[in-house]
>>> print(open('coords-v7.pdb').read())   # PDB, C-alpha atoms
ATOM      1  CA  GLN A   1     103.884  98.146 114.779  1.00  0.00           C
ATOM      2  CA  VAL A   2     102.975 101.413 113.127  1.00  0.00           C
ATOM      3  CA  GLN A   3     100.004 103.554 114.068  1.00  0.00           C
ATOM      4  CA  LEU A   4      98.425 105.968 111.604  1.00  0.00           C
ATOM      5  CA  VAL A   5      96.075 108.751 112.632  1.00  0.00           C
ATOM      6  CA  GLU A   6      94.256 110.679 109.926  1.00  0.00           C
ATOM      7  CA  SER A   7      92.580 114.040 110.295  1.00  0.00           C
ATOM      8  CA  GLY A   8      91.221 116.869 108.207  1.00  0.00           C
ATOM      9  CA  GLY A   9      88.149 115.352 106.622  1.00  0.00           C
ATOM     10  CA  GLY A  10      84.786 117.049 106.593  1.00  0.00           C
ATOM     11  CA  LEU A  11      82.006 118.539 104.538  1.00  0.00           C
ATOM     12  CA  VAL A  12      82.834 121.041 101.823  1.00  0.00           C
ATOM     13  CA  GLN A  13      81.055 122.530  98.860  1.00  0.00           C
ATOM     14  CA  ALA A  14      82.101 121.705  95.329  1.00  0.00           C
ATOM     15  CA  GLY A  15      85.082 123.793  94.317  1.00  0.00           C
ATOM     16  CA  GLY A  16      86.345 123.979  97.857  1.00  0.00           C
ATOM     17  CA  SER A  17      89.497 122.645  99.461  1.00  0.00           C
ATOM     18  CA  LEU A  18      90.503 120.337 102.270  1.00  0.00           C
ATOM     19  CA  ARG A  19      93.829 119.217 103.649  1.00  0.00           C
ATOM     20  CA  LEU A  20      94.173 115.741 105.061  1.00  0.00           C
ATOM     21  CA  SER A  21      96.938 114.771 107.451  1.00  0.00           C
ATOM     22  CA  CYS A  22      98.230 111.352 108.442  1.00  0.00           C
ATOM     23  CA  ALA A  23     100.589 111.124 111.383  1.00  0.00           C
ATOM     24  CA  ALA A  24     102.586 107.931 111.734  1.00  0.00           C
ATOM     25  CA  SER A  25     104.084 106.680 114.960  1.00  0.00           C
ATOM     26  CA  GLY A  26     105.773 103.548 116.185  1.00  0.00           C
ATOM     27  CA  ASN A  27     108.437 101.547 114.410  1.00  0.00           C
ATOM     28  CA  ILE A  28     108.903 103.821 111.393  1.00  0.00           C
ATOM     29  CA  LEU A  29     111.417 102.702 108.814  1.00  0.00           C
ATOM     30  CA  TRP A  30     112.955 105.324 106.563  1.00  0.00           C
ATOM     31  CA  ALA A  31     112.404 103.221 103.457  1.00  0.00           C
ATOM     32  CA  ASN A  32     108.660 103.421 103.277  1.00  0.00           C
ATOM     33  CA  ASN A  33     105.952 104.464 100.912  1.00  0.00           C
ATOM     34  CA  MET A  34     103.005 106.464 102.132  1.00  0.00           C
ATOM     35  CA  GLY A  35      99.847 107.000 100.232  1.00  0.00           C
ATOM     36  CA  TRP A  36      96.241 108.022 100.275  1.00  0.00           C
ATOM     37  CA  TYR A  37      93.441 105.780  99.114  1.00  0.00           C
ATOM     38  CA  ARG A  38      89.703 106.298  99.064  1.00  0.00           C
ATOM     39  CA  GLN A  39      86.597 104.198  99.070  1.00  0.00           C
ATOM     40  CA  ALA A  40      83.204 105.463  98.021  1.00  0.00           C
ATOM     41  CA  PRO A  41      80.001 103.608  98.940  1.00  0.00           C
ATOM     42  CA  GLY A  42      79.564 100.536  96.791  1.00  0.00           C
ATOM     43  CA  LYS A  43      82.975 100.906  95.197  1.00  0.00           C
ATOM     44  CA  GLU A  44      86.375  99.330  95.699  1.00  0.00           C
ATOM     45  CA  ARG A  45      89.162 101.128  97.477  1.00  0.00           C
ATOM     46  CA  GLU A  46      91.349 102.997  95.004  1.00  0.00           C
ATOM     47  CA  LEU A  47      94.696 104.711  95.039  1.00  0.00           C
ATOM     48  CA  VAL A  48      94.539 108.495  95.138  1.00  0.00           C
ATOM     49  CA  ALA A  49      98.190 109.464  95.581  1.00  0.00           C
ATOM     50  CA  LEU A  50     101.405 107.694  96.482  1.00  0.00           C
ATOM     51  CA  LEU A  51     104.692 109.140  97.696  1.00  0.00           C
ATOM     52  CA  THR A  52     107.674 106.812  97.852  1.00  0.00           C
ATOM     53  CA  SER A  53     110.680 107.065 100.123  1.00  0.00           C
ATOM     54  CA  ILE A  54     112.785 108.297  97.194  1.00  0.00           C
ATOM     55  CA  GLY A  55     110.312 111.026  96.362  1.00  0.00           C
ATOM     56  CA  ARG A  56     108.484 109.456  93.456  1.00  0.00           C
ATOM     57  CA  ILE A  57     104.840 110.519  93.260  1.00  0.00           C
ATOM     58  CA  ASN A  58     101.901 108.888  91.528  1.00  0.00           C
ATOM     59  CA  TYR A  59      98.393 110.287  91.256  1.00  0.00           C
ATOM     60  CA  ALA A  60      95.166 108.803  90.073  1.00  0.00           C
ATOM     61  CA  ASP A  61      94.162 110.365  86.777  1.00  0.00           C
ATOM     62  CA  SER A  62      90.970 111.656  88.350  1.00  0.00           C
ATOM     63  CA  VAL A  63      92.835 113.878  90.813  1.00  0.00           C
ATOM     64  CA  LYS A  64      95.835 115.043  88.775  1.00  0.00           C
ATOM     65  CA  GLY A  65      96.168 118.804  88.857  1.00  0.00           C
ATOM     66  CA  ARG A  66      93.828 119.115  91.835  1.00  0.00           C
ATOM     67  CA  PHE A  67      95.420 117.080  94.633  1.00  0.00           C
ATOM     68  CA  THR A  68      98.948 117.313  96.014  1.00  0.00           C
ATOM     69  CA  ILE A  69     100.636 114.799  98.274  1.00  0.00           C
ATOM     70  CA  SER A  70     103.553 115.796 100.466  1.00  0.00           C
ATOM     71  CA  ARG A  71     105.350 114.606 103.550  1.00  0.00           C
ATOM     72  CA  ASP A  72     107.213 116.007 106.513  1.00  0.00           C
ATOM     73  CA  ASN A  73     109.773 113.392 107.454  1.00  0.00           C
ATOM     74  CA  ALA A  74     110.648 115.138 110.700  1.00  0.00           C
ATOM     75  CA  LYS A  75     107.035 114.751 111.813  1.00  0.00           C
ATOM     76  CA  ASN A  76     106.423 111.387 110.123  1.00  0.00           C
ATOM     77  CA  THR A  77     103.376 112.972 108.579  1.00  0.00           C
ATOM     78  CA  VAL A  78     101.971 112.837 105.080  1.00  0.00           C
ATOM     79  CA  TYR A  79      99.498 115.362 103.742  1.00  0.00           C
ATOM     80  CA  LEU A  80      96.960 115.461 100.943  1.00  0.00           C
ATOM     81  CA  GLN A  81      95.986 118.916  99.769  1.00  0.00           C
ATOM     82  CA  MET A  82      92.732 118.643  97.860  1.00  0.00           C
ATOM     83  CA  ASN A  83      91.608 121.589  95.738  1.00  0.00           C
ATOM     84  CA  SER A  84      88.723 122.067  93.325  1.00  0.00           C
ATOM     85  CA  LEU A  85      86.831 119.286  95.022  1.00  0.00           C
ATOM     86  CA  LYS A  86      84.010 117.584  93.168  1.00  0.00           C
ATOM     87  CA  PRO A  87      81.031 115.590  94.448  1.00  0.00           C
ATOM     88  CA  GLU A  88      82.627 112.465  92.990  1.00  0.00           C
ATOM     89  CA  ASP A  89      85.534 112.936  95.409  1.00  0.00           C
ATOM     90  CA  THR A  90      83.165 112.003  98.243  1.00  0.00           C
ATOM     91  CA  ALA A  91      84.586 108.952  99.999  1.00  0.00           C
ATOM     92  CA  VAL A  92      86.337 107.698 103.083  1.00  0.00           C
ATOM     93  CA  TYR A  93      90.009 108.511 102.686  1.00  0.00           C
ATOM     94  CA  TYR A  94      92.590 106.138 104.123  1.00  0.00           C
ATOM     95  CA  CYS A  95      96.265 106.613 104.743  1.00  0.00           C
ATOM     96  CA  LYS A  96      98.586 103.675 104.104  1.00  0.00           C
ATOM     97  CA  TYR A  97     102.151 103.075 105.255  1.00  0.00           C
ATOM     98  CA  ALA A  98     104.055 100.344 103.483  1.00  0.00           C
ATOM     99  CA  THR A  99     107.502  98.844 103.395  1.00  0.00           C
ATOM    100  CA  THR A 100     108.770  95.826 101.514  1.00  0.00           C
ATOM    101  CA  MET A 101     107.810  93.673 104.493  1.00  0.00           C
ATOM    102  CA  THR A 102     104.500  95.000 105.758  1.00  0.00           C
ATOM    103  CA  SER A 103     101.794  97.623 105.516  1.00  0.00           C
ATOM    104  CA  TYR A 104      99.410  99.465 107.812  1.00  0.00           C
ATOM    105  CA  TRP A 105      96.189 101.385 107.275  1.00  0.00           C
ATOM    106  CA  GLY A 106      94.707 104.300 109.128  1.00  0.00           C
ATOM    107  CA  GLN A 107      91.136 104.309 110.366  1.00  0.00           C
ATOM    108  CA  GLY A 108      89.904 106.562 107.577  1.00  0.00           C
ATOM    109  CA  THR A 109      88.453 110.043 107.451  1.00  0.00           C
ATOM    110  CA  GLN A 110      85.232 110.991 105.704  1.00  0.00           C
ATOM    111  CA  VAL A 111      85.290 113.586 102.946  1.00  0.00           C
ATOM    112  CA  THR A 112      81.926 114.760 101.662  1.00  0.00           C
ATOM    113  CA  VAL A 113      81.634 117.211  98.783  1.00  0.00           C
ATOM    114  CA  SER A 114      78.213 118.757  98.242  1.00  0.00           C
ATOM    115  CA  SER A 115      77.076 120.019  94.870  1.00  0.00           C
TER     116      SER A 115
END
>>> encode(input="coords-v7.pdb", output="structure tokens")
Amino acid sequence: QVQLVESGGGLVQAGGSLRLSCAASGNILWANNMGWYRQAPGKERELVALLTSIGRINYADSVKGRFTISRDNAKNTVYLQMNSLKPEDTAVYYCKYATTMTSYWGQGTQVTVSS
């Protein structure tokens, strides 16, 4: 079992910044991918950023140049630095931990960007 606890969401004005954190605990395997996804009201959950165990990073086109994903392996924590936020970034943001065998989701953290 792996537990994921997200934090850092909130309300921010357009152009502002937020930093999300996702702390993983439990049976952590070194070969894992961690990523951030988001789901806006009435829309499907979508990938925002993915960081693999070998350091490969993928971003959604809509956040490239504005968001940065990183991880602290010693703390089993992944971060999402979000800059130049836009109203369309408003969503619940979820952290995901995945290996070749299984995956886990965090409970989500709300990000609201006002115009």
>>> atom_distance(input="coords-v7.pdb", atom1="atom CA of Gln3 of chain A", atom2="atom CA of Gly26 of chain A")
6.1 Å
>>> closest_residue(input="coords-v7.pdb", among="A:Thr99, A:Asn32, A:Ser114, A:Thr52", to="Lys86 of chain A", atoms="only C-alpha atoms")
A:Ser114
>>> closest_residue(input="coords-v7.pdb", among="A:Thr77, A:Gln1, A:Asn33, A:Ser21", to="Tyr93 of chain A", atoms="all atoms listed in the file")
A:Ser21
>>> atom_distance(input="coords-v7.pdb", atom1="atom CA of Ser103 of chain A", atom2="atom CA of Ser62 of chain A")
24.7 Å
>>> closest_residue(input="coords-v7.pdb", among="A:Tyr104, A:Tyr94, A:Trp30, A:Tyr37", to="Leu50 of chain A", atoms="only C-alpha atoms")
A:Tyr37
>>> closest_residue(input="coords-v7.pdb", among="A:Leu51, A:Val113, A:Met101, A:Ala14", to="Val78 of chain A", atoms="only C-alpha atoms")
A:Leu51
>>> resolve_selection(input="coords-v7.pdb", expression="the PyMOL selection byres ((chain A and resi 11) around 9)", output="list in words")
Gly9, Gly10, Val12, Gln13, Leu18, Gln110, Val111, Thr112, Val113 and Ser114 of chain A
>>> build_atoms(input="coords-v7.pdb", residues="segment 78-114 of chain A", atoms="N, CA and C atoms", output="mmCIF file, in the coordinates of the input")
data_model
loop_
_atom_site.group_PDB
_atom_site.id
_atom_site.type_symbol
_atom_site.label_atom_id
_atom_site.label_comp_id
_atom_site.auth_asym_id
_atom_site.auth_seq_id
_atom_site.Cartn_x
_atom_site.Cartn_y
_atom_site.Cartn_z
ATOM 1 N N VAL A 78 102.236 112.645 106.501
ATOM 2 C CA VAL A 78 101.971 112.837 105.080
ATOM 3 C C VAL A 78 100.671 113.624 104.941
ATOM 4 N N TYR A 79 100.641 114.481 103.940
ATOM 5 C CA TYR A 79 99.498 115.362 103.742
ATOM 6 C C TYR A 79 98.884 115.130 102.361
ATOM 7 N N LEU A 80 97.627 115.454 102.244
ATOM 8 C CA LEU A 80 96.960 115.461 100.943
ATOM 9 C C LEU A 80 96.177 116.762 100.837
ATOM 10 N N GLN A 81 96.690 117.666 100.033
ATOM 11 C CA GLN A 81 95.986 118.916 99.769
ATOM 12 C C GLN A 81 95.030 118.679 98.616
ATOM 13 N N MET A 82 93.751 118.905 98.863
ATOM 14 C CA MET A 82 92.732 118.643 97.860
ATOM 15 C C MET A 82 92.054 119.954 97.492
ATOM 16 N N ASN A 83 92.220 120.355 96.250
ATOM 17 C CA ASN A 83 91.608 121.589 95.738
ATOM 18 C C ASN A 83 90.582 121.258 94.664
ATOM 19 N N SER A 84 89.752 122.228 94.369
ATOM 20 C CA SER A 84 88.723 122.067 93.325
ATOM 21 C C SER A 84 87.952 120.768 93.512
ATOM 22 N N LEU A 85 87.511 120.542 94.707
ATOM 23 C CA LEU A 85 86.831 119.286 95.022
ATOM 24 C C LEU A 85 85.517 119.156 94.260
ATOM 25 N N LYS A 86 85.216 117.916 93.908
ATOM 26 C CA LYS A 86 84.010 117.584 93.168
ATOM 27 C C LYS A 86 83.162 116.603 93.984
ATOM 28 N N PRO A 87 81.872 116.560 93.725
ATOM 29 C CA PRO A 87 81.031 115.590 94.448
ATOM 30 C C PRO A 87 81.536 114.157 94.318
ATOM 31 N N GLU A 88 82.124 113.826 93.180
ATOM 32 C CA GLU A 88 82.627 112.465 92.990
ATOM 33 C C GLU A 88 83.880 112.174 93.814
ATOM 34 N N ASP A 89 84.422 113.171 94.484
ATOM 35 C CA ASP A 89 85.534 112.936 95.409
ATOM 36 C C ASP A 89 85.038 112.460 96.773
ATOM 37 N N THR A 90 83.733 112.448 96.973
ATOM 38 C CA THR A 90 83.165 112.003 98.243
ATOM 39 C C THR A 90 83.528 110.551 98.500
ATOM 40 N N ALA A 91 84.135 110.299 99.651
ATOM 41 C CA ALA A 91 84.586 108.952 99.999
ATOM 42 C C ALA A 91 85.193 108.984 101.400
ATOM 43 N N VAL A 92 85.485 107.804 101.904
ATOM 44 C CA VAL A 92 86.337 107.698 103.083
ATOM 45 C C VAL A 92 87.769 107.610 102.583
ATOM 46 N N TYR A 93 88.616 108.453 103.105
ATOM 47 C CA TYR A 93 90.009 108.511 102.686
ATOM 48 C C TYR A 93 90.873 107.823 103.737
ATOM 49 N N TYR A 94 91.723 106.928 103.244
ATOM 50 C CA TYR A 94 92.590 106.138 104.123
ATOM 51 C C TYR A 94 94.047 106.432 103.816
ATOM 52 N N CYS A 95 94.821 106.485 104.857
ATOM 53 C CA CYS A 95 96.265 106.613 104.743
ATOM 54 C C CYS A 95 96.867 105.204 104.837
ATOM 55 N N LYS A 96 97.911 104.973 104.069
ATOM 56 C CA LYS A 96 98.586 103.675 104.104
ATOM 57 C C LYS A 96 100.081 103.880 104.203
ATOM 58 N N TYR A 97 100.701 103.121 105.097
ATOM 59 C CA TYR A 97 102.151 103.075 105.255
ATOM 60 C C TYR A 97 102.602 101.697 104.819
ATOM 61 N N ALA A 98 103.613 101.641 103.978
ATOM 62 C CA ALA A 98 104.055 100.344 103.483
ATOM 63 C C ALA A 98 105.564 100.296 103.336
ATOM 64 N N THR A 99 106.111 99.146 103.685
ATOM 65 C CA THR A 99 107.502 98.844 103.395
ATOM 66 C C THR A 99 107.514 97.575 102.549
ATOM 67 N N THR A 100 108.698 97.056 102.283
ATOM 68 C CA THR A 100 108.770 95.826 101.514
ATOM 69 C C THR A 100 108.258 94.622 102.317
ATOM 70 N N MET A 101 108.170 94.796 103.634
ATOM 71 C CA MET A 101 107.810 93.673 104.493
ATOM 72 C C MET A 101 106.372 93.722 104.989
ATOM 73 N N THR A 102 105.806 94.920 105.120
ATOM 74 C CA THR A 102 104.500 95.000 105.758
ATOM 75 C C THR A 102 103.796 96.287 105.358
ATOM 76 N N SER A 103 102.555 96.405 105.781
ATOM 77 C CA SER A 103 101.794 97.623 105.516
ATOM 78 C C SER A 103 100.775 97.833 106.627
ATOM 79 N N TYR A 104 100.391 99.097 106.800
ATOM 80 C CA TYR A 104 99.410 99.465 107.812
ATOM 81 C C TYR A 104 98.454 100.486 107.213
ATOM 82 N N TRP A 105 97.219 100.448 107.697
ATOM 83 C CA TRP A 105 96.189 101.385 107.275
ATOM 84 C C TRP A 105 95.732 102.240 108.456
ATOM 85 N N GLY A 106 95.365 103.459 108.146
ATOM 86 C CA GLY A 106 94.707 104.300 109.128
ATOM 87 C C GLY A 106 93.239 103.943 109.219
ATOM 88 N N GLN A 107 92.541 104.629 110.119
ATOM 89 C CA GLN A 107 91.136 104.309 110.366
ATOM 90 C C GLN A 107 90.194 104.956 109.349
ATOM 91 N N GLY A 108 90.712 105.900 108.603
ATOM 92 C CA GLY A 108 89.904 106.562 107.577
ATOM 93 C C GLY A 108 89.296 107.857 108.070
ATOM 94 N N THR A 109 89.108 108.778 107.153
ATOM 95 C CA THR A 109 88.453 110.043 107.451
ATOM 96 C C THR A 109 87.478 110.366 106.313
ATOM 97 N N GLN A 110 86.273 110.761 106.687
ATOM 98 C CA GLN A 110 85.232 110.991 105.704
ATOM 99 C C GLN A 110 85.400 112.356 105.044
ATOM 100 N N VAL A 111 85.326 112.350 103.733
ATOM 101 C CA VAL A 111 85.290 113.586 102.946
ATOM 102 C C VAL A 111 83.979 113.591 102.169
ATOM 103 N N THR A 112 83.196 114.628 102.359
ATOM 104 C CA THR A 112 81.926 114.760 101.662
ATOM 105 C C THR A 112 81.906 116.084 100.922
ATOM 106 N N VAL A 113 81.672 116.019 99.624
ATOM 107 C CA VAL A 113 81.634 117.211 98.783
ATOM 108 C C VAL A 113 80.206 117.384 98.282
ATOM 109 N N SER A 114 79.595 118.485 98.652
ATOM 110 C CA SER A 114 78.213 118.757 98.242
ATOM 111 C C SER A 114 78.194 119.562 96.950
#
